[in-house]
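See below for upload21.pdb, which holds PDB, C-alpha atoms.
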ATOM      1  CA  ALA Y 195     -11.036   7.307  -5.659  1.00  0.00           C
ATOM      2  CA  ARG Y 196      -8.501   7.532  -8.450  1.00  0.00           C
ATOM      3  CA  GLU Y 197      -8.246   6.995 -12.176  1.00  0.00           C
ATOM      4  CA  VAL Y 198      -5.623   4.844 -13.871  1.00  0.00           C
ATOM      5  CA  SER Y 199      -4.893   5.024 -17.592  1.00  0.00           C
ATOM      6  CA  ALA Y 200      -4.462   1.642 -19.236  1.00  0.00           C
ATOM      7  CA  ALA Y 201      -4.373   0.515 -22.847  1.00  0.00           C
ATOM      8  CA  PRO Y 202      -5.949  -1.718 -23.821  1.00  0.00           C
ATOM      9  CA  ILE Y 203      -8.586  -2.470 -21.193  1.00  0.00           C
ATOM     10  CA  GLN Y 204      -8.390  -6.158 -20.432  1.00  0.00           C
ATOM     11  CA  THR Y 205      -8.813  -8.707 -17.690  1.00  0.00           C
ATOM     12  CA  SER Y 206      -5.387 -10.101 -16.942  1.00  0.00           C
ATOM     13  CA  ALA Y 207      -3.231 -11.215 -14.066  1.00  0.00           C
ATOM     14  CA  TYR Y 208      -0.957  -8.331 -15.063  1.00  0.00           C
ATOM     15  CA  ASP Y 209      -3.702  -5.819 -14.188  1.00  0.00           C
ATOM     16  CA  ALA Y 210      -4.229  -7.426 -10.795  1.00  0.00           C
ATOM     17  CA  ALA Y 211      -0.522  -7.479 -10.001  1.00  0.00           C
ATOM     18  CA  LEU Y 212      -0.207  -3.841 -11.025  1.00  0.00           C
ATOM     19  CA  LEU Y 213      -3.019  -2.784  -8.710  1.00  0.00           C
ATOM     20  CA  VAL Y 214      -2.393  -5.006  -5.717  1.00  0.00           C
ATOM     21  CA  ALA Y 215       1.379  -5.301  -5.388  1.00  0.00           C
ATOM     22  CA  PRO Y 216       2.074  -1.628  -4.484  1.00  0.00           C
ATOM     23  CA  ALA Y 217      -0.618  -1.558  -1.804  1.00  0.00           C
ATOM     24  CA  LEU Y 218       0.933  -0.383   1.474  1.00  0.00           C
ATOM     25  CA  PRO Y 219      -1.439  -0.463   4.457  1.00  0.00           C
ATOM     26  CA  ALA Y 220      -0.880   2.621   6.600  1.00  0.00           C
ATOM     27  CA  ALA Y 221      -2.849   4.868   8.931  1.00  0.00           C
ATOM     28  CA  HIS Y 222      -5.934   5.941   6.979  1.00  0.00           C
ATOM     29  CA  PRO Y 223      -6.052   7.938   4.806  1.00  0.00           C
ATOM     30  CA  LEU Y 224      -2.263   7.946   4.380  1.00  0.00           C
ATOM     31  CA  ILE Y 225      -0.218   5.790   2.038  1.00  0.00           C
ATOM     32  CA  THR Y 226       2.919   6.997   3.832  1.00  0.00           C
ATOM     33  CA  GLU Y 227       3.402   4.825   6.928  1.00  0.00           C
ATOM     34  CA  ASP Y 228       3.896   6.282  10.419  1.00  0.00           C
ATOM     35  CA  THR Y 229       5.933   4.947  13.343  1.00  0.00           C
ATOM     36  CA  ASP Y 230       3.038   4.565  15.807  1.00  0.00           C
ATOM     37  CA  THR Y 231       2.268   1.137  17.270  1.00  0.00           C
ATOM     38  CA  LEU Y 232      -0.713  -0.193  19.236  1.00  0.00           C
ATOM     39  CA  GLY Y 233       1.087  -1.203  22.412  1.00  0.00           C
ATOM     40  CA  GLU Y 234       1.218  -4.699  23.883  1.00  0.00           C
ATOM     41  CA  GLY Y 235      -2.115  -6.495  23.573  1.00  0.00           C
ATOM     42  CA  GLY Y 236      -3.721  -3.761  21.477  1.00  0.00           C
ATOM     43  CA  TRP Y 237      -6.013  -4.622  18.553  1.00  0.00           C
ATOM     44  CA  GLN Y 238      -7.055  -2.589  15.526  1.00  0.00           C
ATOM     45  CA  LEU Y 239      -9.181  -3.337  12.452  1.00  0.00           C
ATOM     46  CA  GLU Y 240      -8.897  -1.035   9.430  1.00  0.00           C
ATOM     47  CA  LEU Y 241     -11.272  -1.298   6.481  1.00  0.00           C
ATOM     48  CA  GLY Y 242     -10.491   0.415   3.179  1.00  0.00           C
ATOM     49  CA  ASN Y 243     -12.217   0.638  -0.192  1.00  0.00           C
ATOM     50  CA  GLU Y 244     -10.638   1.896  -3.423  1.00  0.00           C
ATOM     51  CA  HIS Y 245     -12.509   2.420  -6.693  1.00  0.00           C
ATOM     52  CA  ILE Y 246     -10.286   2.401  -9.794  1.00  0.00           C
ATOM     53  CA  THR Y 247     -11.450   3.363 -13.286  1.00  0.00           C
ATOM     54  CA  LEU Y 248      -9.420   2.082 -16.251  1.00  0.00           C
ATOM     55  CA  ARG Y 249     -10.003   4.187 -19.374  1.00  0.00           C
ATOM     56  CA  SER Y 250      -8.990   3.408 -22.954  1.00  0.00           C
ATOM     57  CA  ALA Y 251     -10.421   4.051 -26.439  1.00  0.00           C
ATOM     58  CA  GLY Y 252     -13.447   5.811 -24.969  1.00  0.00           C
ATOM     59  CA  ALA Y 253     -14.366   2.809 -22.818  1.00  0.00           C
ATOM     60  CA  GLU Y 254     -14.225   2.437 -19.044  1.00  0.00           C
ATOM     61  CA  ARG Y 255     -13.728  -0.552 -16.776  1.00  0.00           C
ATOM     62  CA  ASP Y 256     -14.172  -0.407 -13.018  1.00  0.00           C
ATOM     63  CA  LEU Y 257     -12.221  -2.263 -10.348  1.00  0.00           C
ATOM     64  CA  VAL Y 258     -13.027  -2.145  -6.636  1.00  0.00           C
ATOM     65  CA  LEU Y 259     -10.327  -3.123  -4.122  1.00  0.00           C
ATOM     66  CA  THR Y 260     -11.591  -3.695  -0.567  1.00  0.00           C
ATOM     67  CA  THR Y 261      -9.002  -4.333   2.147  1.00  0.00           C
ATOM     68  CA  ALA Y 262      -9.258  -5.453   5.766  1.00  0.00           C
ATOM     69  CA  ALA Y 263      -6.104  -5.041   7.887  1.00  0.00           C
ATOM     70  CA  LEU Y 264      -6.067  -6.569  11.380  1.00  0.00           C
ATOM     71  CA  SER Y 265      -3.218  -5.423  13.660  1.00  0.00           C
ATOM     72  CA  TYR Y 266      -2.128  -6.809  17.030  1.00  0.00           C
ATOM     73  CA  GLY Y 267       0.424  -5.341  19.428  1.00  0.00           C
ATOM     74  CA  LEU Y 268       3.024  -8.026  20.125  1.00  0.00           C
ATOM     75  CA  SER Y 269       4.897  -5.613  22.412  1.00  0.00           C
ATOM     76  CA  GLU Y 270       4.960  -1.913  23.201  1.00  0.00           C
ATOM     77  CA  ARG Y 271       6.933  -1.214  20.000  1.00  0.00           C
ATOM     78  CA  THR Y 272       6.019  -4.118  17.695  1.00  0.00           C
ATOM     79  CA  ASP Y 273       2.822  -4.798  15.736  1.00  0.00           C
ATOM     80  CA  LEU Y 274       1.782  -7.822  13.676  1.00  0.00           C
ATOM     81  CA  ILE Y 275      -0.469  -6.962  10.702  1.00  0.00           C
ATOM     82  CA  VAL Y 276      -2.558  -9.356   8.585  1.00  0.00           C
ATOM     83  CA  THR Y 277      -4.051  -7.923   5.388  1.00  0.00           C
ATOM     84  CA  VAL Y 278      -6.937  -9.533   3.501  1.00  0.00           C
ATOM     85  CA  PRO Y 279      -7.739  -7.860   0.141  1.00  0.00           C
ATOM     86  CA  HIS Y 280     -10.750  -8.520  -2.094  1.00  0.00           C
ATOM     87  CA  LEU Y 281     -10.836  -7.406  -5.733  1.00  0.00           C
ATOM     88  CA  ARG Y 282     -13.955  -6.974  -7.888  1.00  0.00           C
ATOM     89  CA  ILE Y 283     -13.309  -6.584 -11.634  1.00  0.00           C
ATOM     90  CA  GLY Y 284     -16.034  -5.111 -13.845  1.00  0.00           C
ATOM     91  CA  ALA Y 285     -17.045  -6.461 -17.243  1.00  0.00           C
ATOM     92  CA  ASP Y 286     -14.863  -5.519 -20.238  1.00  0.00           C
ATOM     93  CA  PRO Y 287     -16.872  -3.081 -22.423  1.00  0.00           C
ATOM     94  CA  LEU Y 288     -14.643  -3.723 -25.465  1.00  0.00           C
ATOM     95  CA  THR Y 289     -14.729  -7.531 -25.548  1.00  0.00           C
ATOM     96  CA  GLY Y 290     -17.881  -8.211 -23.547  1.00  0.00           C
ATOM     97  CA  GLU Y 291     -15.900 -10.446 -21.203  1.00  0.00           C
ATOM     98  CA  ALA Y 292     -17.610 -10.855 -17.848  1.00  0.00           C
ATOM     99  CA  GLY Y 293     -15.975  -9.522 -14.717  1.00  0.00           C
ATOM    100  CA  GLY Y 294     -15.132 -11.445 -11.575  1.00  0.00           C
ATOM    101  CA  HIS Y 295     -14.279 -11.118  -7.917  1.00  0.00           C
ATOM    102  CA  GLY Y 296     -12.463 -12.888  -5.113  1.00  0.00           C
ATOM    103  CA  LEU Y 297      -9.753 -12.709  -2.466  1.00  0.00           C
ATOM    104  CA  VAL Y 298      -6.335 -11.498  -3.627  1.00  0.00           C
ATOM    105  CA  ASP Y 299      -2.899 -12.420  -2.188  1.00  0.00           C
ATOM    106  CA  LEU Y 300      -2.912 -12.267   1.623  1.00  0.00           C
ATOM    107  CA  GLY Y 301      -0.346 -10.041   3.356  1.00  0.00           C
ATOM    108  CA  LEU Y 302       1.642 -10.363   6.591  1.00  0.00           C
ATOM    109  CA  ASP Y 303       3.728  -7.489   8.013  1.00  0.00           C
ATOM    110  CA  ILE Y 304       5.610  -6.657  11.196  1.00  0.00           C
ATOM    111  CA  LYS Y 305       6.189  -3.055  12.264  1.00  0.00           C
ATOM    112  CA  TRP Y 306       8.986  -2.476  14.789  1.00  0.00           C
ATOM    113  CA  ARG Y 307       9.696   0.997  16.182  1.00  0.00           C
ATOM    114  CA  PHE Y 308      13.362   0.490  17.004  1.00  0.00           C
ATOM    115  CA  TYR Y 309      14.436   4.045  17.905  1.00  0.00           C
ATOM    116  CA  GLU Y 310      12.897   6.947  19.820  1.00  0.00           C
ATOM    117  CA  HIS Y 311      14.587  10.126  21.025  1.00  0.00           C
ATOM    118  CA  GLY Y 312      12.685  13.318  21.652  1.00  0.00           C
ATOM    119  CA  PRO Y 313      10.532  14.142  18.602  1.00  0.00           C
ATOM    120  CA  PHE Y 314      12.390  11.631  16.387  1.00  0.00           C
ATOM    121  CA  SER Y 315      11.401   7.987  15.892  1.00  0.00           C
ATOM    122  CA  PHE Y 316      12.264   5.294  13.341  1.00  0.00           C
ATOM    123  CA  ALA Y 317      10.547   2.027  12.439  1.00  0.00           C
ATOM    124  CA  LEU Y 318      11.228  -0.969  10.193  1.00  0.00           C
ATOM    125  CA  LYS Y 319       8.378  -2.767   8.442  1.00  0.00           C
ATOM    126  CA  PRO Y 320       9.253  -6.098   6.764  1.00  0.00           C
ATOM    127  CA  GLY Y 321       6.424  -7.974   5.096  1.00  0.00           C
ATOM    128  CA  ALA Y 322       5.257 -10.430   2.477  1.00  0.00           C
ATOM    129  CA  THR Y 323       2.236 -11.275   0.373  1.00  0.00           C
ATOM    130  CA  PHE Y 324       1.512 -14.918  -0.356  1.00  0.00           C
ATOM    131  CA  PRO Y 325       0.134 -16.337  -3.642  1.00  0.00           C
ATOM    132  CA  THR Y 326      -3.313 -17.198  -2.306  1.00  0.00           C
ATOM    133  CA  GLY Y 327      -5.189 -15.425  -5.114  1.00  0.00           C
ATOM    134  CA  ASP Y 328      -6.297 -17.137  -8.324  1.00  0.00           C
ATOM    135  CA  THR Y 329      -4.009 -15.859 -11.107  1.00  0.00           C
ATOM    136  CA  GLN Y 330      -6.320 -17.358 -13.760  1.00  0.00           C
ATOM    137  CA  ARG Y 331      -8.985 -14.890 -12.602  1.00  0.00           C
ATOM    138  CA  ALA Y 332      -6.587 -11.929 -12.292  1.00  0.00           C
ATOM    139  CA  LEU Y 333      -6.534 -12.154  -8.491  1.00  0.00           C
ATOM    140  CA  GLY Y 334      -2.849 -12.432  -7.608  1.00  0.00           C
ATOM    141  CA  THR Y 335       0.800 -12.302  -8.643  1.00  0.00           C
ATOM    142  CA  GLY Y 336       1.391 -16.063  -8.636  1.00  0.00           C
ATOM    143  CA  ASP Y 337       4.404 -15.841  -6.316  1.00  0.00           C
ATOM    144  CA  THR Y 338       5.516 -14.648  -2.870  1.00  0.00           C
ATOM    145  CA  VAL Y 339       6.358 -10.927  -2.759  1.00  0.00           C
ATOM    146  CA  TRP Y 340       8.787  -9.603  -0.108  1.00  0.00           C
ATOM    147  CA  SER Y 341       9.154  -6.032   1.114  1.00  0.00           C
ATOM    148  CA  LEU Y 342      11.151  -3.955   3.596  1.00  0.00           C
ATOM    149  CA  PHE Y 343      10.376  -0.348   4.517  1.00  0.00           C
ATOM    150  CA  LEU Y 344      12.052   2.263   6.718  1.00  0.00           C
ATOM    151  CA  VAL Y 345       9.814   4.898   8.284  1.00  0.00           C
ATOM    152  CA  SER Y 346      10.847   8.033  10.144  1.00  0.00           C
ATOM    153  CA  SER Y 347       8.787  10.539  12.087  1.00  0.00           C
ATOM    154  CA  TYR Y 348       9.478  14.002  13.515  1.00  0.00           C
ATOM    155  CA  LYS Y 349       6.528  14.702  15.807  1.00  0.00           C
ATOM    156  CA  LEU Y 350       5.791  18.015  17.469  1.00  0.00           C
ATOM    157  CA  GLU Y 351       2.756  18.942  19.568  1.00  0.00           C
ATOM    158  CA  GLU Y 352       0.451  19.580  16.570  1.00  0.00           C
ATOM    159  CA  TRP Y 353       2.625  18.583  13.591  1.00  0.00           C
ATOM    160  CA  ASN Y 354       4.017  15.265  12.359  1.00  0.00           C
ATOM    161  CA  PHE Y 355       6.505  14.968   9.477  1.00  0.00           C
ATOM    162  CA  LEU Y 356       6.847  11.489   7.958  1.00  0.00           C
ATOM    163  CA  LEU Y 357       9.298   9.905   5.498  1.00  0.00           C
ATOM    164  CA  HIS Y 358       8.714   6.415   4.071  1.00  0.00           C
ATOM    165  CA  LEU Y 359      11.330   4.576   1.940  1.00  0.00           C
ATOM    166  CA  GLY Y 360      11.427   0.963   0.881  1.00  0.00           C
ATOM    167  CA  HIS Y 361      12.018  -1.894  -1.525  1.00  0.00           C
ATOM    168  CA  VAL Y 362       9.605  -4.535  -2.826  1.00  0.00           C
ATOM    169  CA  HIS Y 363      10.963  -7.798  -4.266  1.00  0.00           C
ATOM    170  CA  HIS Y 364       8.054  -8.290  -6.641  1.00  0.00           C
ATOM    171  CA  ASN Y 365       8.293 -11.961  -7.569  1.00  0.00           C
ATOM    172  CA  ASN Y 366       5.641 -12.674 -10.203  1.00  0.00           C
ATOM    173  CA  THR Y 367       4.720 -14.926 -13.101  1.00  0.00           C
ATOM    174  CA  PHE Y 368       3.899 -12.134 -15.590  1.00  0.00           C
ATOM    175  CA  ASN Y 369       7.356 -10.888 -16.644  1.00  0.00           C
ATOM    176  CA  GLU Y 370       6.973  -7.701 -14.622  1.00  0.00           C
ATOM    177  CA  ARG Y 371       9.833  -5.894 -12.905  1.00  0.00           C
ATOM    178  CA  VAL Y 372      11.007  -7.653  -9.773  1.00  0.00           C
ATOM    179  CA  ASP Y 373      12.962  -4.879  -8.023  1.00  0.00           C
ATOM    180  CA  LEU Y 374      10.588  -2.070  -7.092  1.00  0.00           C
ATOM    181  CA  TRP Y 375      11.090   0.918  -4.805  1.00  0.00           C
ATOM    182  CA  HIS Y 376       8.782   3.236  -2.898  1.00  0.00           C
ATOM    183  CA  ALA Y 377       9.431   6.787  -1.672  1.00  0.00           C
ATOM    184  CA  SER Y 378       6.888   9.073  -0.028  1.00  0.00           C
ATOM    185  CA  ALA Y 379       6.496  11.819   2.544  1.00  0.00           C
ATOM    186  CA  ALA Y 380       3.588  13.261   4.496  1.00  0.00           C
ATOM    187  CA  VAL Y 381       2.764  16.118   6.837  1.00  0.00           C
ATOM    188  CA  THR Y 382      -0.117  16.026   9.320  1.00  0.00           C
ATOM    189  CA  TRP Y 383      -1.462  18.960  11.339  1.00  0.00           C
ATOM    190  CA  GLN Y 384      -3.827  18.509  14.297  1.00  0.00           C
ATOM    191  CA  ALA Y 385      -5.851  21.666  13.657  1.00  0.00           C
ATOM    192  CA  THR Y 386      -8.363  20.996  16.475  1.00  0.00           C
ATOM    193  CA  ASP Y 387      -9.206  18.118  18.808  1.00  0.00           C
ATOM    194  CA  GLN Y 388     -11.627  16.805  16.153  1.00  0.00           C
ATOM    195  CA  LEU Y 389      -9.854  17.831  12.920  1.00  0.00           C
ATOM    196  CA  LYS Y 390      -6.571  16.640  11.369  1.00  0.00           C
ATOM    197  CA  LEU Y 391      -5.310  17.928   8.001  1.00  0.00           C
ATOM    198  CA  ILE Y 392      -2.834  15.938   5.917  1.00  0.00           C
ATOM    199  CA  VAL Y 393      -0.799  16.146   2.716  1.00  0.00           C
ATOM    200  CA  ASP Y 394       0.749  12.903   1.435  1.00  0.00           C
ATOM    201  CA  THR Y 395       2.766  12.466  -1.763  1.00  0.00           C
ATOM    202  CA  GLY Y 396       5.129   9.899  -3.234  1.00  0.00           C
ATOM    203  CA  THR Y 397       5.985   7.508  -6.037  1.00  0.00           C
ATOM    204  CA  ASN Y 398       6.437   3.793  -6.734  1.00  0.00           C
ATOM    205  CA  ARG Y 399       8.554   2.262  -9.465  1.00  0.00           C
ATOM    206  CA  ASN Y 400       6.394   1.139 -12.372  1.00  0.00           C
ATOM    207  CA  THR Y 401       5.843  -2.629 -12.427  1.00  0.00           C
ATOM    208  CA  GLU Y 402       5.760  -2.647 -16.246  1.00  0.00           C
ATOM    209  CA  ARG Y 403       9.193  -3.831 -17.373  1.00  0.00           C
ATOM    210  CA  PHE Y 404       9.644  -1.348 -20.242  1.00  0.00           C
ATOM    211  CA  ALA Y 405       7.822   1.647 -18.740  1.00  0.00           C
ATOM    212  CA  THR Y 406       9.741   4.931 -18.632  1.00  0.00           C
ATOM    213  CA  ASP Y 407       7.401   6.774 -16.247  1.00  0.00           C
ATOM    214  CA  ASP Y 408       6.639   5.958 -12.615  1.00  0.00           C
ATOM    215  CA  PRO Y 409       3.227   6.586 -11.021  1.00  0.00           C
ATOM    216  CA  VAL Y 410       2.990   9.508  -8.599  1.00  0.00           C
ATOM    217  CA  PHE Y 411       0.250  10.067  -5.996  1.00  0.00           C
ATOM    218  CA  VAL Y 412      -0.928  13.090  -3.996  1.00  0.00           C
ATOM    219  CA  ILE Y 413      -3.501  12.847  -1.204  1.00  0.00           C
ATOM    220  CA  GLY Y 414      -5.038  15.738   0.706  1.00  0.00           C
TER     221      GLY Y 414
END

Using structure tokens, write down the structure from this file.
Amino acid sequence: AREVSAAPIQTSAYDAALLVAPALPAAHPLITEDTDTLGEGGWQLELGNEHITLRSAGAERDLVLTTAALSYGLSERTDLIVTVPHLRIGADPLTGEAGGHGLVDLGLDIKWRFYEHGPFSFALKPGATFPTGDTQRALGTGDTVWSLFLVSSYKLEEWNFLLHLGHVHHNNTFNERVDLWHASAAVTWQATDQLKLIVDTGTNRNTERFATDDPVFVIG
């Protein structure tokens, strides 16, 4: 769960684009991607749920983003990933406007681990989201969004150090910034056979055109 400050609280396609565009499916619970792949013929289904609270002028509005990501191993080092997000927007307590829900822009990504040597590995992850969501109901960006990410991993027996850098070409119909970047890093420690501890932190460029601050996240 996380809280996002927003002023004023309103239902708009801008809000949906702000919340959905930076979403980067990765190994739960990380936002930072890793270089692991499923292997040829492997399948994986990941389900995620994020509860966002928008607060302004003493009022709160809830949004719930539920995501299903289905991955398939095209080869030993290449995965195909289809992401289906669903957004539920709560009623606006300031205007009394009713909320809504529905599918947001669908995503398609390919992850290719192109280099491995000892503990080092590197992967490229190009992808796109398609304007399948209804912008009139705040459920999409209204345009195709392209992205390209570079991921590196330094993996030891119990430790894994990850670096995740990339660019999102955020085409949209809401006068938001088009050129966005992402930078994050994570450390995982396999404490026991049943317990893994992680620290994940990073930042994305703010989609608001005239914003001077960029959002930062920390996950433990």

remark   = Shortest contact to Leu248 (chain Y), candidates Y:Leu300, Y:Val381, Y:Leu224, Y:Ala285, atoms counted only C-alpha atoms, goes to Y:Ala285

task = For region 297-299 of chain Y, please output as a ChimeraX atom specification all residues within 12 Å (counting all atoms listed in the file; exclusion window: fewer than 5 positions along the same chain).
result = /Y:207,210-211,213-215,217,258-262,276-283,322-339,366

note = Students should find that CA of Val372 (chain Y) and CA of Ala317 (chain Y) are spaced 24.2 Å

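Using all atoms listed in the file, the protein and nucleic acid residues lying at most 9 Å from the point (6.1, -7.9, -12.7) are Tyr208, Ala211, Leu212, Thr335, His364, Asn365, Asn366, Thr367, Phe368, Asn369, Glu370, Arg371, Val372, Asp373, Thr401, Glu402 and Arg403 of chain Y.
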
query = What residues come out when you apply the PyMOL selection byres ((chain Y and resi 384) around 12) to this file, written as a PyMOL selection string?
reply = chain Y and resi 349-355+381-383+385-392

query = What do you get, as a VMD selection string, if you spell out every residue that the PyMOL selection byres ((chain Y and resi 314) around 9) selects here?
reply = chain Y and resid 309 to 313 315 to 316 346 to 349
